[in-house]
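This is entry-v7.txt. It holds compact mmCIF, C-alpha atoms.
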# COMPACT_ATOMS: atom_id res chain seq x y z
CA MET A 27 61.99 55.73 9.01
CA LYS A 28 63.14 53.98 12.15
CA ARG A 29 61.47 50.81 13.36
CA ARG A 30 59.77 52.73 16.21
CA GLY A 31 58.28 55.22 13.78
CA TRP A 32 56.88 52.45 11.59
CA THR A 33 55.38 50.81 14.65
CA VAL A 34 53.64 54.03 15.72
CA LEU A 35 52.35 54.64 12.19
CA LEU A 36 51.06 51.06 11.86
CA GLY A 37 49.40 51.32 15.26
CA ALA A 38 47.69 54.57 14.30
CA VAL A 39 46.41 53.04 11.06
CA LEU A 40 45.06 49.99 12.91
CA VAL A 41 43.34 52.19 15.51
CA ALA A 42 41.78 54.28 12.74
CA LEU A 43 40.57 51.18 10.91
CA LEU A 44 39.13 49.65 14.07
CA THR A 45 37.46 52.94 15.02
CA TRP A 46 35.96 53.32 11.55
CA GLN A 47 34.78 49.70 11.61
CA SER A 48 33.22 50.03 15.08
CA LEU A 49 31.44 53.27 14.14
CA SER A 50 30.03 51.54 11.05
CA VAL A 51 28.47 48.71 13.04
CA LYS A 52 24.68 48.81 13.10
CA VAL A 53 23.20 49.09 16.59
CA ALA A 54 19.94 47.75 18.05
CA TYR A 55 18.46 51.21 18.21
CA VAL A 56 16.35 53.45 16.00
CA ALA A 57 16.24 57.23 15.83
CA LEU A 58 13.02 59.23 15.94
CA GLY A 59 13.02 62.60 14.24
CA PRO A 60 10.61 65.27 13.00
CA GLY A 61 8.56 63.96 10.08
CA PRO A 62 6.49 65.64 7.38
CA THR A 63 3.33 67.57 8.21
CA VAL A 64 0.08 67.54 6.24
CA ASP A 65 -2.56 70.26 6.20
CA THR A 66 -5.86 68.41 6.61
CA LEU A 67 -7.56 71.34 4.90
CA GLY A 68 -5.23 71.10 1.91
CA SER A 69 -4.84 68.82 -1.08
CA VAL A 70 -2.69 65.86 -2.11
CA ASP A 71 -1.41 64.65 -5.47
CA THR A 72 -3.21 61.61 -6.82
CA LYS A 73 -3.04 59.71 -10.09
CA THR A 74 -5.96 61.79 -11.31
CA GLY A 75 -4.60 65.13 -10.10
CA GLU A 76 -5.01 67.27 -6.99
CA GLN A 77 -7.60 66.10 -4.48
CA ARG A 78 -8.77 67.62 -1.22
CA ILE A 79 -7.86 65.55 1.83
CA ILE A 80 -11.26 66.27 3.37
CA THR A 81 -14.20 66.79 1.04
CA ALA A 82 -17.89 67.53 1.52
CA ALA A 83 -20.85 68.03 -0.74
CA PRO A 84 -20.48 71.35 -2.64
CA GLU A 85 -23.49 72.93 -0.91
CA TYR A 86 -21.83 72.40 2.48
CA SER A 87 -18.12 72.80 1.68
CA THR A 88 -16.40 75.93 3.03
CA GLU A 89 -12.87 77.33 2.83
CA SER A 90 -10.44 78.23 5.61
CA THR A 91 -7.81 80.95 5.78
CA GLY A 92 -5.43 78.99 8.02
CA GLU A 93 -4.13 75.45 8.35
CA LEU A 94 -4.86 72.42 10.54
CA GLN A 95 -1.70 70.33 10.29
CA LEU A 96 -1.29 66.74 11.35
CA VAL A 97 2.30 66.00 12.27
CA THR A 98 4.35 62.83 12.00
CA VAL A 99 7.53 61.21 13.29
CA ARG A 100 10.18 59.83 10.96
CA VAL A 101 11.81 56.56 12.05
CA TYR A 102 15.44 55.96 11.08
CA ASP A 103 16.18 52.23 11.16
CA GLU A 104 19.43 50.26 10.70
CA VAL A 105 21.40 53.01 12.39
CA GLU A 106 25.20 52.80 12.55
CA LEU A 107 26.95 53.64 15.81
CA ALA A 108 28.31 56.92 14.41
CA ARG A 109 24.87 58.09 13.35
CA ALA A 110 23.35 56.92 16.64
CA ILE A 111 25.86 59.10 18.52
CA PHE A 112 24.98 62.07 16.27
CA TYR A 113 21.26 61.59 16.84
CA TRP A 114 21.79 61.14 20.58
CA LEU A 115 23.69 64.45 20.80
CA SER A 116 21.03 66.32 18.80
CA ASP A 117 18.07 68.03 20.46
CA GLU A 118 15.83 67.14 17.49
CA TYR A 119 16.11 63.37 17.68
CA ALA A 120 15.51 60.59 20.17
CA VAL A 121 17.36 57.28 20.18
CA VAL A 122 15.34 54.34 21.52
CA PRO A 123 15.74 50.55 21.56
CA ARG A 124 14.59 49.09 18.26
CA ASP A 125 12.19 46.60 19.85
CA LEU A 126 10.11 49.48 21.22
CA ILE A 127 9.18 50.38 17.65
CA TYR A 128 9.56 46.97 16.02
CA PRO A 129 8.69 44.31 18.64
CA GLU A 130 10.62 41.08 18.14
CA ASP A 131 7.46 38.97 18.38
CA GLN A 132 5.94 40.70 15.35
CA THR A 133 6.94 40.63 11.71
CA ASP A 134 7.38 43.80 9.67
CA GLU A 135 4.19 42.88 7.82
CA GLN A 136 2.23 42.56 11.07
CA ILE A 137 3.51 45.92 12.30
CA ALA A 138 2.60 47.57 8.99
CA GLN A 139 -0.86 46.02 9.12
CA GLN A 140 -1.40 47.25 12.66
CA GLN A 141 -0.35 50.77 11.67
CA THR A 142 -2.76 50.70 8.72
CA GLU A 143 -5.65 49.50 10.89
CA GLN A 144 -4.98 52.23 13.46
CA TRP A 145 -4.79 54.82 10.67
CA THR A 146 -8.16 53.67 9.30
CA GLN A 147 -9.79 53.54 12.74
CA SER A 148 -8.55 57.04 13.57
CA GLN A 149 -10.35 58.40 10.51
CA SER A 150 -13.55 56.52 11.36
CA SER A 151 -13.58 57.79 14.95
CA ALA A 152 -12.72 61.31 13.79
CA GLU A 153 -15.70 61.26 11.43
CA THR A 154 -18.02 59.93 14.14
CA ALA A 155 -16.94 62.55 16.71
CA ALA A 156 -17.01 65.41 14.17
CA LEU A 157 -20.44 64.55 12.77
CA ARG A 158 -21.83 64.54 16.31
CA VAL A 159 -20.53 68.10 16.78
CA LEU A 160 -22.19 68.97 13.46
CA GLY A 161 -25.57 67.84 14.82
CA GLN A 162 -25.63 64.19 13.73
CA PRO A 163 -25.98 61.97 16.83
CA VAL A 164 -24.94 58.34 16.92
CA ARG A 165 -27.71 55.77 17.17
CA VAL A 166 -26.74 52.71 19.24
CA VAL A 167 -28.78 49.93 17.67
CA VAL A 168 -29.25 46.44 19.10
CA THR A 169 -28.46 43.77 16.50
CA GLN A 170 -28.52 40.59 18.61
CA ILE A 171 -29.47 39.39 22.10
CA THR A 172 -27.40 36.85 24.06
CA PRO A 173 -29.65 33.99 25.27
CA GLY A 174 -30.01 33.95 29.03
CA SER A 175 -28.68 37.48 29.46
CA ALA A 176 -30.33 40.41 31.24
CA ALA A 177 -31.41 41.84 27.89
CA GLU A 178 -33.35 38.74 26.83
CA GLY A 179 -37.06 39.40 26.85
CA VAL A 180 -36.48 43.13 27.42
CA LEU A 181 -34.67 44.34 24.31
CA ALA A 182 -35.01 43.21 20.72
CA ALA A 183 -33.01 43.56 17.52
CA GLY A 184 -33.62 46.99 16.07
CA ASP A 185 -34.08 48.78 19.40
CA VAL A 186 -32.13 52.03 19.73
CA ILE A 187 -30.75 52.49 23.27
CA THR A 188 -30.79 56.18 24.16
CA ALA A 189 -30.09 56.36 27.91
CA VAL A 190 -29.05 54.43 31.03
CA ASP A 191 -30.58 55.65 34.29
CA GLY A 192 -31.45 58.88 32.51
CA THR A 193 -27.91 59.54 31.24
CA PRO A 194 -27.82 59.84 27.43
CA VAL A 195 -25.93 57.16 25.49
CA ILE A 196 -23.74 58.76 22.82
CA SER A 197 -21.93 55.71 21.46
CA ALA A 198 -21.60 51.94 21.83
CA GLY A 199 -18.49 52.45 23.91
CA ASP A 200 -20.30 54.92 26.12
CA LEU A 201 -23.09 52.39 26.73
CA ALA A 202 -20.58 49.71 27.70
CA GLY A 203 -18.89 52.16 30.07
CA GLN A 204 -22.16 53.13 31.73
CA ILE A 205 -23.22 49.51 32.24
CA SER A 206 -19.83 48.46 33.66
CA ALA A 207 -19.72 51.50 35.97
CA GLU A 208 -21.94 49.60 38.45
CA PRO A 209 -21.24 46.08 39.77
CA PRO A 210 -23.09 43.05 38.39
CA GLY A 211 -26.50 42.56 39.96
CA THR A 212 -27.27 46.30 40.08
CA GLU A 213 -30.68 47.14 38.62
CA ARG A 214 -30.51 49.68 35.78
CA GLU A 215 -33.13 51.54 33.81
CA LEU A 216 -32.78 51.55 30.03
CA THR A 217 -34.46 54.06 27.74
CA PHE A 218 -34.84 52.93 24.14
CA THR A 219 -36.92 53.49 21.06
CA ARG A 220 -38.78 50.72 19.27
CA GLY A 221 -40.74 51.39 16.13
CA GLY A 222 -40.38 55.12 16.71
CA LYS A 223 -41.85 54.91 20.23
CA THR A 224 -39.85 55.64 23.40
CA GLU A 225 -39.94 52.95 26.07
CA LYS A 226 -38.25 52.28 29.42
CA ALA A 227 -37.40 48.99 31.11
CA LYS A 228 -35.54 47.71 34.17
CA VAL A 229 -32.68 45.23 33.69
CA THR A 230 -30.18 43.64 36.06
CA PRO A 231 -26.91 42.98 34.22
CA GLY A 232 -25.06 39.82 35.20
CA ASP A 233 -21.35 39.13 35.52
CA GLY A 234 -19.62 39.18 32.17
CA GLY A 235 -16.30 38.06 33.64
CA GLN A 236 -13.74 39.64 35.97
CA GLY A 237 -16.52 41.30 37.94
CA SER A 238 -17.72 43.43 35.04
CA ALA A 239 -21.45 43.94 34.44
CA PHE A 240 -22.76 42.39 31.21
CA LEU A 241 -25.95 43.48 29.45
CA GLY A 242 -25.86 40.80 26.74
CA VAL A 243 -26.38 42.67 23.46
CA SER A 244 -24.51 43.06 20.20
CA LEU A 245 -24.58 46.63 18.95
CA GLU A 246 -24.16 48.64 15.77
CA GLN A 247 -23.54 52.37 15.53
CA GLN A 248 -25.50 54.29 12.94
CA GLN A 249 -25.02 57.94 12.06
CA ASP A 250 -26.29 60.15 9.25
CA ASN A 251 -23.78 61.95 7.03
CA PRO A 252 -25.86 64.48 5.08
CA PHE A 253 -22.72 66.49 4.29
CA ASP A 254 -21.19 63.59 2.33
CA VAL A 255 -17.95 64.06 4.27
CA LYS A 256 -15.02 61.95 3.07
CA ILE A 257 -11.37 61.69 4.15
CA ASN A 258 -9.11 60.95 1.17
CA THR A 259 -5.76 59.63 2.37
CA GLU A 260 -4.84 57.02 -0.23
CA SER A 261 -1.83 59.08 -1.35
CA LEU A 262 -0.50 59.69 2.17
CA ASP A 263 2.20 57.30 3.35
CA ILE A 264 1.26 57.58 7.03
CA GLY A 265 0.08 55.13 9.67
CA GLY A 266 -0.97 54.95 13.28
CA PRO A 267 -3.76 56.60 15.29
CA SER A 268 -2.33 60.02 16.15
CA ALA A 269 -4.00 62.08 13.39
CA GLY A 270 -7.51 61.54 14.76
CA LEU A 271 -7.93 64.93 16.46
CA MET A 272 -6.76 66.90 13.44
CA PHE A 273 -9.00 64.93 11.08
CA ALA A 274 -12.00 65.65 13.32
CA LEU A 275 -11.22 69.36 13.37
CA GLY A 276 -10.65 69.32 9.62
CA ILE A 277 -14.08 67.77 9.01
CA ILE A 278 -15.80 70.37 11.18
CA ASP A 279 -13.92 73.22 9.52
CA ARG A 280 -14.79 71.93 6.05
CA VAL A 281 -18.54 71.94 6.82
CA ASP A 282 -19.04 74.62 9.47
CA ALA A 283 -19.40 78.21 8.31
CA VAL A 284 -17.01 79.26 11.09
CA ASP A 285 -13.33 79.31 10.09
CA LEU A 286 -11.89 77.36 13.01
CA THR A 287 -8.33 78.51 12.32
CA GLY A 288 -8.98 82.24 12.28
CA GLY A 289 -6.16 82.44 9.73
CA ILE A 290 -3.64 80.80 12.09
CA ASN A 291 -1.34 77.94 11.13
CA ILE A 292 -2.31 75.35 13.75
CA ALA A 293 -0.71 71.95 14.21
CA GLY A 294 -1.64 69.21 16.61
CA THR A 295 -1.78 65.54 17.42
CA GLY A 296 -3.79 63.08 19.45
CA GLU A 297 -5.71 59.87 19.12
CA ILE A 298 -9.49 60.31 19.27
CA ASP A 299 -12.31 57.91 20.05
CA ASP A 300 -15.95 57.89 18.98
CA ASP A 301 -16.89 59.94 22.05
CA GLY A 302 -14.42 62.71 21.17
CA VAL A 303 -11.93 61.89 23.93
CA VAL A 304 -8.37 62.82 22.92
CA GLY A 305 -5.68 60.35 23.99
CA PRO A 306 -1.88 60.64 24.23
CA ILE A 307 0.47 59.57 21.46
CA GLY A 308 4.17 58.82 21.01
CA GLY A 309 6.88 61.03 19.58
CA VAL A 310 5.42 64.35 20.73
CA ALA A 311 8.88 65.81 21.39
CA GLU A 312 9.75 65.35 17.71
CA LYS A 313 6.31 66.44 16.51
CA VAL A 314 6.50 69.88 18.09
CA ILE A 315 9.74 70.47 16.18
CA ALA A 316 8.12 69.33 12.93
CA ALA A 317 5.22 71.70 13.58
CA LYS A 318 7.50 74.68 14.17
CA ASP A 319 9.64 73.83 11.11
CA ASN A 320 6.48 73.96 8.99
CA GLY A 321 5.31 77.34 10.18
CA ALA A 322 2.84 76.45 12.94
CA THR A 323 2.49 78.86 15.85
CA VAL A 324 0.00 76.80 17.89
CA PHE A 325 0.23 73.12 18.80
CA LEU A 326 -2.81 71.25 20.13
CA THR A 327 -1.35 68.86 22.70
CA PRO A 328 -3.06 65.90 24.42
CA GLU A 329 -3.07 66.68 28.12
CA ALA A 330 -1.02 63.60 29.03
CA ASN A 331 1.66 64.62 26.50
CA CYS A 332 2.13 68.12 27.90
CA PRO A 333 5.18 67.35 30.09
CA ALA A 334 7.13 65.79 27.20
CA ALA A 335 6.08 68.53 24.79
CA LYS A 336 7.08 71.31 27.21
CA GLY A 337 10.51 69.77 27.59
CA ASN A 338 11.21 70.13 23.87
CA VAL A 339 9.04 73.01 22.67
CA PRO A 340 10.84 75.42 20.30
CA ASP A 341 10.53 79.19 20.69
CA GLY A 342 7.47 80.70 19.06
CA LEU A 343 5.22 77.64 19.42
CA THR A 344 2.32 77.82 21.89
CA LEU A 345 1.29 74.51 23.45
CA VAL A 346 -2.49 74.33 23.96
CA LYS A 347 -3.74 71.58 26.28
CA VAL A 348 -6.73 69.51 25.09
CA GLY A 349 -8.49 66.46 26.49
CA THR A 350 -11.54 66.28 24.25
CA LEU A 351 -12.70 67.48 20.85
CA ASP A 352 -14.98 70.02 22.57
CA GLU A 353 -12.00 71.38 24.50
CA ALA A 354 -10.05 71.74 21.26
CA LEU A 355 -12.94 73.64 19.66
CA ASN A 356 -13.21 75.92 22.69
CA ALA A 357 -9.46 76.55 22.57
CA LEU A 358 -9.63 77.53 18.90
CA ALA A 359 -12.56 79.84 19.64
CA ALA A 360 -10.50 81.53 22.37
CA LEU A 361 -7.61 82.01 19.94
CA ARG A 362 -9.93 83.57 17.36
CA ASP A 363 -11.25 85.96 20.02
CA GLY A 364 -7.76 86.98 21.09
CA LYS A 365 -8.06 85.18 24.42
CA GLN A 366 -5.69 82.69 26.01
CA PRO A 367 -6.76 79.04 25.84
CA PRO A 368 -5.67 76.46 28.44
CA LEU A 369 -1.92 75.95 28.05
CA CYS A 370 0.38 73.05 28.89

Turn this file's structure into C-alpha cells for me.
Amino acid sequence: MKRRGWTVLLGAVLVALLTWQSLSVKVAYVALGPGPTVDTLGSVDTKTGEQRIITAAPEYSTESTGELQLVTVRVYDEVELARAIFYWLSDEYAVVPRDLIYPEDQTDEQIAQQQTEQWTQSQSSAETAALRVLGQPVRVVVTQITPGSAAEGVLAAGDVITAVDGTPVISAGDLAGQISAEPPGTERELTFTRGGKTEKAKVTPGDGGQGSAFLGVSLEQQQDNPFDVKINTESLDIGGPSAGLMFALGIIDRVDAVDLTGGINIAGTGEIDDDGVVGPIGGVAEKVIAAKDNGATVFLTPEANCPAAKGNVPDGLTLVKVGTLDEALNALAALRDGKQPPLC
C-alpha cells in the first residue's frame, strides 16, 4: 500500500477511535422514560406471600372489576453521549440536566430521604381525603395556645374548631388558609366544640409575619378509621408524592360498594393534599406512555399537567382533567354511565 493509502487508513482509524471515545463520555444529563405501573387495587409480593396494596376490614372490603394504576417515571443516570442522543431522538424519553433531578447541593442520601418522606406523606393525605369522602370528617383539635396571641383566653387545649365566620373547617390546612385570607387585625368568628358543647367566640388575629394573620394555636388532626384501611407499600420501590390521587381512589374503591372503575383499566397521577386538592407532578409526558403500554384507556390528569400530557398522549388513551378528588370521582361516575367527563 502506498504511503498515501496508509495515511488515509490511519486517519480513518483515529477518527473512529475518537468518535467512539467521545460517544462513550458520560454527560451531565439524565433521561426520563416510562416506568412501571402498579394497580392500587392489586397485590404485591412480600416475604410472607401476596398482599393487597390497599386493605380494609373484611366486613367492609369489596372487589373491583377494573384497575386503578399509579404510574411512575424511570430515571436513567450516568448516560453516555451516544445514549443521550438516542433518548433525545426518541418520542418516549426526555433528556434533562442532571441537577434538575439530583441537585448539586444535596447528597444522594438526602434526595432519597426526601423522596421517601413525600411518598409517606402522599399516602397519609390520600387516606385523610378518602376517609372524608367515606363519611369520616377530620377534627381540627387545639393542642396548645401561644401566649399573648389572639387565641389566648378564647380557645383551650382540646377544643375542636369547626368553622370560621360560618364556613366549615375541614382540615388544619384549611383553617390556616381561612385565617390568612383576611389581613391581620380583622375580627373573625370561630365556632368550636368544648366538652361536647358548641360555642362561638370573636377573635382578632395578629400579624404572624409578612403580613399574614396569625391565630396562635398548635393543632392536631384526628379522624376515625372504622374501616381499618391500610396502604401496604413496603415492597414497592417507589418514591415521591405523585401517587396520592390513585391511592385515595383505591381506598374509596376498596370500601365503597360502588365499583369506581366500571371494569375499565384506569391510570392516573397527581399529588393530593388533606383537603383533596390534586396538584401537578413531573414526568407526565412519560407517564401517559407507561399507562398506555400497560393497557390503560383512561388517564386521570392534574389540570395543570394537561398541556404537557396532550403533547405526548398516545392513540387510544383518553386524558381526563381533574383538580380535586371529588372531580375525579365525578369523572369516573360519568365514565361508568357512558357519558363524557371533562377532558384535557

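When all atoms listed in the file are used to measure the gap to A:Val101, the shortest distance among A:Asp191, A:Glu85, A:Glu312, A:Glu178 belongs to A:Glu312.
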
Which residue out of A:Val164, A:Leu343, A:Val97, A:Ile292 has the minimum interatomic distance to A:Gly270 when only C-alpha atoms are used?
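Between A:Val164, A:Leu343, A:Val97, A:Ile292, the residue approaching A:Gly270 most closely is A:Val97.
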
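Using all atoms listed in the file, the nearest neighbour of A:Ser148 within the list A:Gly302, A:Gly349, A:Gly289, A:Pro163 is A:Gly302.
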
Counting only C-alpha atoms, which residue out of A:Ala274, A:Val186, A:Ala357, A:Val180 sits closest to A:Thr154?
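Smallest separation from A:Thr154 among the options: A:Ala274.
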
Take atom CA of A:Gln147 and atom CA of A:Thr81 and report the distance between them in Å, one decimal.
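According to the coordinates, atom CA of A:Gln147 and atom CA of A:Thr81 are separated by 18.2 Å.
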
With distances taken over only C-alpha atoms, which residue among A:Leu94, A:Val346, A:Val303, A:Ala138 lies nearest A:Ala360?
A:Val346

One decimal, in Å: what's the spacing between atom CA of A:Asp279 and atom CA of A:Val304?
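Straight-line distance from atom CA of A:Asp279 to atom CA of A:Val304 works out to 17.8 Å.
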